[in-house]
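Student: You'll find final25.cif just under this line, and it carries mmCIF, C-alpha atoms.
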```
data_upload
loop_
_atom_site.label_atom_id
_atom_site.label_comp_id
_atom_site.auth_asym_id
_atom_site.auth_seq_id
_atom_site.Cartn_x
_atom_site.Cartn_y
_atom_site.Cartn_z
CA MET A 1 5.80 36.37 -4.94
CA PRO A 2 6.73 38.81 -2.13
CA SER A 3 9.45 37.52 0.16
CA ASP A 4 7.29 37.82 3.29
CA ASP A 5 4.58 35.75 1.62
CA ARG A 6 6.75 33.05 0.09
CA PRO A 7 5.81 29.49 1.13
CA SER A 8 8.57 27.33 2.55
CA VAL A 9 7.20 23.99 1.34
CA ALA A 10 5.67 22.60 -1.84
CA VAL A 11 3.76 19.33 -1.76
CA VAL A 12 3.85 17.53 -5.11
CA LEU A 13 1.82 14.50 -6.17
CA PRO A 14 2.73 11.83 -8.75
CA GLY A 15 0.68 10.80 -11.76
CA THR A 16 -1.16 7.51 -12.14
CA GLY A 17 1.16 4.55 -11.66
CA SER A 18 4.10 6.87 -11.05
CA ASP A 19 6.01 7.47 -7.83
CA ALA A 20 7.51 10.07 -5.53
CA ASP A 21 10.95 9.67 -7.13
CA PHE A 22 9.82 10.98 -10.52
CA VAL A 23 7.76 13.87 -9.18
CA ALA A 24 10.66 14.82 -6.88
CA ARG A 25 13.03 14.97 -9.85
CA ALA A 26 10.49 17.06 -11.72
CA PHE A 27 10.07 19.69 -9.02
CA THR A 28 12.90 19.63 -6.46
CA GLU A 29 15.61 21.45 -8.41
CA PRO A 30 13.35 24.26 -9.69
CA LEU A 31 11.80 24.78 -6.26
CA THR A 32 15.15 24.67 -4.46
CA CYS A 33 16.27 27.53 -6.69
CA ARG A 34 13.34 29.50 -5.21
CA GLY A 35 14.20 28.56 -1.63
CA VAL A 36 11.23 26.19 -1.35
CA ARG A 37 11.54 22.66 0.03
CA THR A 38 9.84 19.90 -1.93
CA ALA A 39 7.75 17.21 -0.23
CA ALA A 40 7.09 14.51 -2.82
CA VAL A 41 4.27 12.19 -1.81
CA GLU A 42 4.51 8.43 -2.30
CA PRO A 43 1.05 7.24 -3.33
CA ASP A 44 -0.68 4.48 -1.44
CA PRO A 45 -1.96 2.36 -4.35
CA ARG A 46 -4.82 1.10 -2.17
CA ARG A 47 -6.15 4.66 -1.68
CA VAL A 48 -4.35 6.99 -4.05
CA VAL A 49 -6.48 10.12 -3.80
CA GLU A 50 -7.03 9.82 -0.06
CA SER A 51 -3.30 9.44 0.51
CA TYR A 52 -2.70 12.61 -1.51
CA VAL A 53 -5.34 14.59 0.36
CA ASP A 54 -4.01 13.37 3.70
CA ALA A 55 -0.52 14.58 2.76
CA LEU A 56 -1.83 17.99 1.67
CA ASP A 57 -3.89 18.40 4.85
CA ALA A 58 -0.93 17.44 7.04
CA ALA A 59 1.48 19.79 5.29
CA ALA A 60 -0.91 22.72 5.49
CA ALA A 61 -1.52 22.08 9.17
CA ARG A 62 2.21 22.01 9.82
CA HIS A 63 3.50 24.75 7.51
CA GLY A 64 0.60 27.12 6.89
CA ARG A 65 0.37 28.37 3.31
CA ILE A 66 2.03 25.95 0.89
CA LEU A 67 2.55 25.46 -2.80
CA VAL A 68 0.78 22.39 -4.17
CA GLY A 69 1.26 20.61 -7.43
CA GLY A 70 1.67 17.40 -9.30
CA VAL A 71 1.60 15.50 -12.56
CA SER A 72 -1.54 14.25 -14.35
CA ILE A 73 -4.00 13.06 -11.67
CA GLY A 74 -1.62 14.57 -9.11
CA ALA A 75 -2.14 17.95 -10.73
CA ALA A 76 -5.93 17.49 -10.67
CA VAL A 77 -6.00 16.49 -7.00
CA ALA A 78 -3.73 19.40 -6.10
CA LEU A 79 -5.91 21.87 -8.00
CA GLN A 80 -9.11 20.52 -6.49
CA TRP A 81 -7.64 20.70 -2.99
CA ALA A 82 -6.45 24.26 -3.63
CA GLY A 83 -9.92 25.25 -4.72
CA SER A 84 -11.31 23.98 -1.42
CA HIS A 85 -8.54 25.54 0.69
CA PRO A 86 -7.63 28.84 -1.01
CA ASP A 87 -6.41 30.39 2.23
CA ARG A 88 -3.80 27.64 2.60
CA VAL A 89 -2.40 27.77 -0.95
CA ALA A 90 0.16 30.18 -2.37
CA GLY A 91 -0.08 28.66 -5.85
CA VAL A 92 -0.58 25.49 -7.87
CA LEU A 93 1.97 23.83 -10.17
CA ALA A 94 -0.05 21.66 -12.56
CA ALA A 95 1.95 19.47 -14.94
CA LEU A 96 0.36 17.45 -17.76
CA PRO A 97 -3.34 17.77 -16.85
CA ALA A 98 -5.22 14.77 -18.23
CA TRP A 99 -8.91 15.70 -18.28
CA THR A 100 -11.55 18.14 -17.08
CA GLY A 101 -14.50 16.93 -15.03
CA THR A 102 -15.47 13.30 -15.50
CA ALA A 103 -12.85 11.05 -17.06
CA ALA A 104 -15.33 9.53 -19.56
CA ASP A 105 -13.25 8.52 -22.60
CA ALA A 106 -10.20 10.64 -21.76
CA PRO A 107 -7.10 8.91 -23.18
CA ALA A 108 -5.38 8.70 -19.79
CA ALA A 109 -8.42 7.12 -18.15
CA ALA A 110 -8.94 4.67 -21.01
CA SER A 111 -5.27 3.70 -20.83
CA ALA A 112 -5.49 3.18 -17.06
CA ARG A 113 -8.57 0.95 -17.38
CA PHE A 114 -7.01 -1.08 -20.18
CA THR A 115 -3.74 -1.53 -18.31
CA ALA A 116 -5.50 -2.57 -15.11
CA ALA A 117 -7.43 -5.25 -16.99
CA ARG A 118 -4.29 -6.51 -18.71
CA LEU A 119 -2.37 -6.65 -15.45
CA ARG A 120 -5.08 -8.77 -13.85
CA ALA A 121 -5.23 -11.08 -16.86
CA ASP A 122 -1.56 -11.43 -17.79
CA GLY A 123 0.47 -10.33 -14.77
CA LEU A 124 3.01 -7.65 -14.07
CA GLU A 125 6.02 -8.99 -15.98
CA GLN A 126 4.30 -9.52 -19.32
CA VAL A 127 2.41 -6.23 -19.29
CA THR A 128 5.49 -4.32 -18.16
CA ALA A 129 7.52 -5.82 -21.00
CA GLU A 130 4.86 -4.81 -23.53
CA MET A 131 4.67 -1.31 -22.06
CA ILE A 132 8.45 -0.87 -22.33
CA ALA A 133 8.42 -2.04 -25.94
CA SER A 134 5.72 0.47 -26.92
CA SER A 135 6.87 3.52 -24.89
CA PRO A 136 9.67 6.06 -25.21
CA PRO A 137 12.69 4.54 -23.43
CA TRP A 138 12.69 7.05 -20.58
CA LEU A 139 8.98 6.51 -19.88
CA GLY A 140 9.35 2.74 -20.00
CA ARG A 141 12.13 2.88 -17.43
CA GLU A 142 10.16 5.16 -15.13
CA LEU A 143 6.96 3.13 -15.21
CA ALA A 144 8.68 -0.24 -14.92
CA LYS A 145 10.21 0.94 -11.65
CA SER A 146 7.08 2.50 -10.18
CA TRP A 147 4.75 -0.28 -11.31
CA ARG A 148 6.85 -2.87 -9.49
CA SER A 149 6.84 -0.78 -6.33
CA GLN A 150 3.02 -0.63 -6.38
CA TRP A 151 2.38 -4.26 -7.18
CA PRO A 152 0.11 -6.13 -6.35
CA HIS A 153 -2.18 -3.15 -5.74
CA LEU A 154 -1.37 -1.42 -9.04
CA PRO A 155 -4.54 -2.53 -10.91
CA ALA A 156 -6.72 -1.05 -8.16
CA ALA A 157 -4.74 2.19 -8.26
CA LEU A 158 -5.20 2.43 -12.02
CA ASP A 159 -8.92 1.76 -11.75
CA GLU A 160 -9.26 4.42 -9.06
CA ALA A 161 -7.47 6.97 -11.21
CA SER A 162 -9.65 6.19 -14.23
CA GLN A 163 -12.76 7.04 -12.19
CA TYR A 164 -11.45 10.25 -10.64
CA HIS A 165 -13.64 13.32 -11.19
CA ALA A 166 -11.30 16.22 -11.86
CA PRO A 167 -12.43 19.84 -11.52
CA GLY A 168 -15.08 20.56 -14.12
CA VAL A 169 -15.45 23.72 -16.19
CA GLY A 170 -17.56 25.42 -13.53
CA ASP A 171 -15.10 24.40 -10.83
CA LEU A 172 -12.17 25.82 -12.80
CA GLU A 173 -13.93 29.15 -13.16
CA ARG A 174 -14.38 29.37 -9.39
CA ILE A 175 -10.80 28.50 -8.39
CA THR A 176 -9.12 31.81 -7.68
CA VAL A 177 -5.63 30.72 -6.60
CA PRO A 178 -2.80 31.33 -9.12
CA VAL A 179 -1.97 28.29 -11.25
CA GLY A 180 1.06 27.54 -13.40
CA ILE A 181 0.44 24.83 -16.02
CA ALA A 182 3.08 22.81 -17.87
CA ALA A 183 2.01 20.71 -20.85
CA ALA A 184 3.60 18.76 -23.67
CA THR A 185 2.68 19.59 -27.24
CA ASP A 186 2.95 15.97 -28.39
CA ASP A 187 1.46 13.93 -25.54
CA ALA A 188 -1.59 11.97 -26.69
CA VAL A 189 -2.31 10.73 -23.16
CA HIS A 190 -2.33 14.25 -21.68
CA PRO A 191 -3.80 16.29 -24.55
CA LEU A 192 -2.63 19.86 -24.96
CA GLU A 193 -6.28 20.82 -25.38
CA VAL A 194 -6.91 20.01 -21.72
CA ALA A 195 -4.09 22.31 -20.62
CA HIS A 196 -5.49 25.07 -22.82
CA GLU A 197 -8.96 24.58 -21.32
CA TRP A 198 -7.54 24.82 -17.80
CA SER A 199 -5.53 27.94 -18.62
CA GLU A 200 -8.52 29.61 -20.28
CA ARG A 201 -11.12 28.71 -17.63
CA LEU A 202 -9.08 29.32 -14.49
CA PRO A 203 -9.22 33.03 -13.57
CA HIS A 204 -5.50 33.26 -12.80
CA ALA A 205 -3.49 30.76 -14.83
CA GLY A 206 -0.51 30.63 -17.16
CA LEU A 207 0.68 27.90 -19.53
CA VAL A 208 4.15 26.89 -20.73
CA THR A 209 4.69 24.02 -23.18
CA MET A 210 7.51 21.64 -24.07
CA SER A 211 7.98 18.29 -25.84
CA LEU A 212 7.97 14.78 -24.43
CA ASP A 213 11.61 14.40 -25.50
CA GLU A 214 12.50 17.40 -23.34
CA ILE A 215 10.76 15.82 -20.35
CA GLY A 216 12.59 12.58 -20.98
CA ALA A 217 15.93 14.35 -21.13
CA ASP A 218 15.29 16.12 -17.81
CA PRO A 219 12.02 15.84 -15.85
CA ALA A 220 12.90 19.11 -14.08
CA ILE A 221 11.64 20.94 -17.17
CA LEU A 222 8.14 20.28 -15.82
CA GLY A 223 8.95 22.11 -12.61
CA TYR A 224 10.72 24.99 -14.33
CA ALA A 225 7.90 25.37 -16.86
CA SER A 226 5.12 25.33 -14.28
CA LEU A 227 7.00 27.85 -12.13
CA ASP A 228 7.53 30.09 -15.15
CA ALA A 229 3.81 29.83 -15.90
CA LEU A 230 2.99 30.68 -12.28
CA ASP A 231 5.35 33.66 -12.43
CA SER A 232 3.50 34.97 -15.47
CA VAL A 233 0.29 34.98 -13.44
CA LEU A 234 1.81 36.61 -10.37
CA HIS A 235 3.35 39.35 -12.47
CA ARG A 236 -0.07 40.15 -13.93
CA THR A 237 -1.70 40.55 -10.51
#
```
Rewrite the coordinates I just gave you, this time as structure tokens.

Tutor:
Amino acid sequence: MPSDDRPSVAVVLPGTGSDADFVARAFTEPLTCRGVRTAAVEPDPRRVVESYVDALDAAAARHGRILVGGVSIGAAVALQWAGSHPDRVAGVLAALPAWTGTAADAPAAASARFTAARLRADGLEQVTAEMIASSPPWLGRELAKSWRSQWPHLPAALDEASQYHAPGVGDLERITVPVGIAAATDDAVHPLEVAHEWSERLPHAGLVTMSLDEIGADPAILGYASLDALDSVLHRT
């Protein structure tokens, strides 16, 4: 990216049930190395998508052209916003995309619906304990922290995410901003096939992959990978 066109700020959005702390650790170090300040958005669990859009609108109004990005639903909201505001976006950093178009039976949406129902039926402590027991240790720690911070509105936030309509195939083909995608090869909740579909349908997109263990060891790999993928696009144009 030319120095006179480099954005000064990147706004990054967490995934479902996650928080600003995780997405900041994923993106801040890689972006700081590029001279870009990271603004990690804390979701409002009562209005997740609206709180994300509000933060993107405010940052663009204040800083002009910005980088936008996020994880899972955060990546989808960032991409959709970029498609509607191409003149305000220097690039998109999309980590772990979860689905294209309607959520339908996407694993991430099904998991969100199931978890929301369990939380309402059995409460935060029991469901959190079960989640920790069945998740990789690093993921269990991350979600236990963020779930508690969003309680008691967490079930509503999960339901909202499960109904979110991400950019569809036709939308992807019309989004002309450059996009760097980071995806895990072994993530059943965020299938690699979705990342491949995004990278193939978006006119200007690159894809870099890693493993879940690598993300657990250092979340910043998501930021580095998505920036590397974005670089590959910019160097082609």

Student: Evaluating the PyMOL selection byres ((chain A and resi 106-121) around 8) on the displayed file yields which residues, as a PyMOL selection string?

Tutor: chain A and resi 16+98-99+103-105+122-124+127+154-156+158-159+161-163+188-190

Student: Find the nearest atom pair between each residue of stretch 143-226 of chain A and stretch 29-47 of chain A for residues within 12 Å, count all atoms listed in the file, give distances in Å to one decimal, sort rows by chain and ascending number, and present the table as JSON lines.

Tutor:
```
{"residue": "A:Ser146", "atom": "CA", "partner": "A:Glu42", "partner_atom": "CA", "distance": 10.2}
{"residue": "A:Trp147", "atom": "CA", "partner": "A:Pro45", "partner_atom": "CA", "distance": 10.0}
{"residue": "A:Arg148", "atom": "CA", "partner": "A:Pro45", "partner_atom": "CA", "distance": 11.5}
{"residue": "A:Ser149", "atom": "CA", "partner": "A:Pro45", "partner_atom": "CA", "distance": 9.6}
{"residue": "A:Gln150", "atom": "CA", "partner": "A:Pro45", "partner_atom": "CA", "distance": 6.2}
{"residue": "A:Trp151", "atom": "CA", "partner": "A:Pro45", "partner_atom": "CA", "distance": 8.4}
{"residue": "A:Pro152", "atom": "CA", "partner": "A:Pro45", "partner_atom": "CA", "distance": 9.0}
{"residue": "A:His153", "atom": "CA", "partner": "A:Pro45", "partner_atom": "CA", "distance": 5.7}
{"residue": "A:Leu154", "atom": "CA", "partner": "A:Pro45", "partner_atom": "CA", "distance": 6.1}
{"residue": "A:Pro155", "atom": "CA", "partner": "A:Pro45", "partner_atom": "CA", "distance": 8.6}
{"residue": "A:Ala156", "atom": "CA", "partner": "A:Arg46", "partner_atom": "CA", "distance": 6.6}
{"residue": "A:Ala157", "atom": "CA", "partner": "A:Pro45", "partner_atom": "CA", "distance": 4.8}
{"residue": "A:Leu158", "atom": "CA", "partner": "A:Pro45", "partner_atom": "CA", "distance": 8.3}
{"residue": "A:Asp159", "atom": "CA", "partner": "A:Pro45", "partner_atom": "CA", "distance": 10.2}
{"residue": "A:Glu160", "atom": "CA", "partner": "A:Arg47", "partner_atom": "CA", "distance": 8.0}
{"residue": "A:Ala161", "atom": "CA", "partner": "A:Arg47", "partner_atom": "CA", "distance": 9.9}
{"residue": "A:Tyr164", "atom": "CA", "partner": "A:Arg47", "partner_atom": "CA", "distance": 11.8}
{"residue": "A:Asp218", "atom": "CA", "partner": "A:Glu29", "partner_atom": "CA", "distance": 10.8}
{"residue": "A:Pro219", "atom": "CA", "partner": "A:Glu29", "partner_atom": "CA", "distance": 10.0}
{"residue": "A:Ala220", "atom": "CA", "partner": "A:Glu29", "partner_atom": "CA", "distance": 6.7}
{"residue": "A:Ile221", "atom": "CA", "partner": "A:Pro30", "partner_atom": "CA", "distance": 8.4}
{"residue": "A:Leu222", "atom": "CA", "partner": "A:Pro30", "partner_atom": "CA", "distance": 9.0}
{"residue": "A:Gly223", "atom": "CA", "partner": "A:Pro30", "partner_atom": "CA", "distance": 5.7}
{"residue": "A:Tyr224", "atom": "CA", "partner": "A:Pro30", "partner_atom": "CA", "distance": 5.4}
{"residue": "A:Ala225", "atom": "CA", "partner": "A:Pro30", "partner_atom": "CA", "distance": 9.1}
{"residue": "A:Ser226", "atom": "CA", "partner": "A:Pro30", "partner_atom": "CA", "distance": 9.5}
```

Student: Quick one, how far is atom CA of A:Thr185 from atom CA of A:Leu96?

Tutor: 10.0 Å

Student: Could you list as a PDB file with C-alpha atoms, in the frame of the given file every residue that has an atom within 12 Å of (7.8, 29.7, -14.1), using the file's coordinates and counting all atoms listed in the file?

Tutor:
```pdb
ATOM      1  CA  MET A   1       5.800  36.370  -4.940  1.00  0.00           C
ATOM      2  CA  PHE A  27      10.070  19.690  -9.020  1.00  0.00           C
ATOM      3  CA  PRO A  30      13.350  24.260  -9.690  1.00  0.00           C
ATOM      4  CA  LEU A  31      11.800  24.780  -6.260  1.00  0.00           C
ATOM      5  CA  CYS A  33      16.270  27.530  -6.690  1.00  0.00           C
ATOM      6  CA  ARG A  34      13.340  29.500  -5.210  1.00  0.00           C
ATOM      7  CA  GLY A  91      -0.080  28.660  -5.850  1.00  0.00           C
ATOM      8  CA  VAL A  92      -0.580  25.490  -7.870  1.00  0.00           C
ATOM      9  CA  LEU A  93       1.970  23.830 -10.170  1.00  0.00           C
ATOM     10  CA  ALA A  94      -0.050  21.660 -12.560  1.00  0.00           C
ATOM     11  CA  ALA A  95       1.950  19.470 -14.940  1.00  0.00           C
ATOM     12  CA  PRO A 178      -2.800  31.330  -9.120  1.00  0.00           C
ATOM     13  CA  VAL A 179      -1.970  28.290 -11.250  1.00  0.00           C
ATOM     14  CA  GLY A 180       1.060  27.540 -13.400  1.00  0.00           C
ATOM     15  CA  ILE A 181       0.440  24.830 -16.020  1.00  0.00           C
ATOM     16  CA  ALA A 182       3.080  22.810 -17.870  1.00  0.00           C
ATOM     17  CA  ALA A 205      -3.490  30.760 -14.830  1.00  0.00           C
ATOM     18  CA  GLY A 206      -0.510  30.630 -17.160  1.00  0.00           C
ATOM     19  CA  LEU A 207       0.680  27.900 -19.530  1.00  0.00           C
ATOM     20  CA  VAL A 208       4.150  26.890 -20.730  1.00  0.00           C
ATOM     21  CA  THR A 209       4.690  24.020 -23.180  1.00  0.00           C
ATOM     22  CA  ALA A 220      12.900  19.110 -14.080  1.00  0.00           C
ATOM     23  CA  ILE A 221      11.640  20.940 -17.170  1.00  0.00           C
ATOM     24  CA  LEU A 222       8.140  20.280 -15.820  1.00  0.00           C
ATOM     25  CA  GLY A 223       8.950  22.110 -12.610  1.00  0.00           C
ATOM     26  CA  TYR A 224      10.720  24.990 -14.330  1.00  0.00           C
ATOM     27  CA  ALA A 225       7.900  25.370 -16.860  1.00  0.00           C
ATOM     28  CA  SER A 226       5.120  25.330 -14.280  1.00  0.00           C
ATOM     29  CA  LEU A 227       7.000  27.850 -12.130  1.00  0.00           C
ATOM     30  CA  ASP A 228       7.530  30.090 -15.150  1.00  0.00           C
ATOM     31  CA  ALA A 229       3.810  29.830 -15.900  1.00  0.00           C
ATOM     32  CA  LEU A 230       2.990  30.680 -12.280  1.00  0.00           C
ATOM     33  CA  ASP A 231       5.350  33.660 -12.430  1.00  0.00           C
ATOM     34  CA  SER A 232       3.500  34.970 -15.470  1.00  0.00           C
ATOM     35  CA  VAL A 233       0.290  34.980 -13.440  1.00  0.00           C
ATOM     36  CA  LEU A 234       1.810  36.610 -10.370  1.00  0.00           C
ATOM     37  CA  HIS A 235       3.350  39.350 -12.470  1.00  0.00           C
TER      38      HIS A 235
END
```

Student: For the structure provided, state which residues fall under the PyMOL selection byres ((chain A and resi 56) around 12), and present them as a PDB file with C-alpha atoms, in the coordinates of the input.

Tutor:
```
ATOM      1  CA  VAL A   9       7.200  23.990   1.340  1.00  0.00           C
ATOM      2  CA  ALA A  10       5.670  22.600  -1.840  1.00  0.00           C
ATOM      3  CA  VAL A  11       3.760  19.330  -1.760  1.00  0.00           C
ATOM      4  CA  VAL A  12       3.850  17.530  -5.110  1.00  0.00           C
ATOM      5  CA  LEU A  13       1.820  14.500  -6.170  1.00  0.00           C
ATOM      6  CA  ALA A  39       7.750  17.210  -0.230  1.00  0.00           C
ATOM      7  CA  ALA A  40       7.090  14.510  -2.820  1.00  0.00           C
ATOM      8  CA  VAL A  41       4.270  12.190  -1.810  1.00  0.00           C
ATOM      9  CA  VAL A  49      -6.480  10.120  -3.800  1.00  0.00           C
ATOM     10  CA  GLU A  50      -7.030   9.820  -0.060  1.00  0.00           C
ATOM     11  CA  SER A  51      -3.300   9.440   0.510  1.00  0.00           C
ATOM     12  CA  TYR A  52      -2.700  12.610  -1.510  1.00  0.00           C
ATOM     13  CA  VAL A  53      -5.340  14.590   0.360  1.00  0.00           C
ATOM     14  CA  ASP A  54      -4.010  13.370   3.700  1.00  0.00           C
ATOM     15  CA  ALA A  55      -0.520  14.580   2.760  1.00  0.00           C
ATOM     16  CA  ASP A  57      -3.890  18.400   4.850  1.00  0.00           C
ATOM     17  CA  ALA A  58      -0.930  17.440   7.040  1.00  0.00           C
ATOM     18  CA  ALA A  59       1.480  19.790   5.290  1.00  0.00           C
ATOM     19  CA  ALA A  60      -0.910  22.720   5.490  1.00  0.00           C
ATOM     20  CA  ALA A  61      -1.520  22.080   9.170  1.00  0.00           C
ATOM     21  CA  ARG A  62       2.210  22.010   9.820  1.00  0.00           C
ATOM     22  CA  HIS A  63       3.500  24.750   7.510  1.00  0.00           C
ATOM     23  CA  GLY A  64       0.600  27.120   6.890  1.00  0.00           C
ATOM     24  CA  ARG A  65       0.370  28.370   3.310  1.00  0.00           C
ATOM     25  CA  ILE A  66       2.030  25.950   0.890  1.00  0.00           C
ATOM     26  CA  LEU A  67       2.550  25.460  -2.800  1.00  0.00           C
ATOM     27  CA  VAL A  68       0.780  22.390  -4.170  1.00  0.00           C
ATOM     28  CA  GLY A  69       1.260  20.610  -7.430  1.00  0.00           C
ATOM     29  CA  GLY A  70       1.670  17.400  -9.300  1.00  0.00           C
ATOM     30  CA  GLY A  74      -1.620  14.570  -9.110  1.00  0.00           C
ATOM     31  CA  VAL A  77      -6.000  16.490  -7.000  1.00  0.00           C
ATOM     32  CA  ALA A  78      -3.730  19.400  -6.100  1.00  0.00           C
ATOM     33  CA  LEU A  79      -5.910  21.870  -8.000  1.00  0.00           C
ATOM     34  CA  GLN A  80      -9.110  20.520  -6.490  1.00  0.00           C
ATOM     35  CA  TRP A  81      -7.640  20.700  -2.990  1.00  0.00           C
ATOM     36  CA  ALA A  82      -6.450  24.260  -3.630  1.00  0.00           C
ATOM     37  CA  SER A  84     -11.310  23.980  -1.420  1.00  0.00           C
ATOM     38  CA  HIS A  85      -8.540  25.540   0.690  1.00  0.00           C
ATOM     39  CA  ARG A  88      -3.800  27.640   2.600  1.00  0.00           C
ATOM     40  CA  VAL A  89      -2.400  27.770  -0.950  1.00  0.00           C
TER      41      VAL A  89
END
```

Student: What separation in Å, quoted to one decimal, exists between atom CA of A:His165 and atom CA of A:Trp198?

Tutor: 14.6 Å

Student: Please tabulate, as a Markdown table, the residues of stretch 21-111 of chain A that come within 12 Å of stretch 140-143 of chain A, each with its closest pair of atoms and the distance in Å to one decimal, counting all atoms listed in the file and ordering rows by chain, then residue number upward.

Tutor:
```
| residue | atom | partner | partner_atom | distance |
| --- | --- | --- | --- | --- |
| A:Asp21 | CA | A:Glu142 | CA | 9.2 |
| A:Phe22 | CA | A:Glu142 | CA | 7.4 |
| A:Val23 | CA | A:Glu142 | CA | 10.8 |
| A:Arg25 | CA | A:Glu142 | CA | 11.5 |
```

Student: Let me make sure I understand: among A:Ala26, A:Leu212, A:Val177, A:Val169, which one has the smallest atom-to-atom distance to A:Pro191 if we use all atoms listed in the file?

Tutor: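 Nearest candidate to A:Pro191 out of A:Ala26, A:Leu212, A:Val177, A:Val169: A:Leu212.
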
Student: How far is it from atom CA of A:Ser72 to atom CA of A:Pro97, in Å with one decimal?

Tutor: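 Atom-to-atom, atom CA of A:Ser72 and atom CA of A:Pro97 are spaced 4.7 Å apart.
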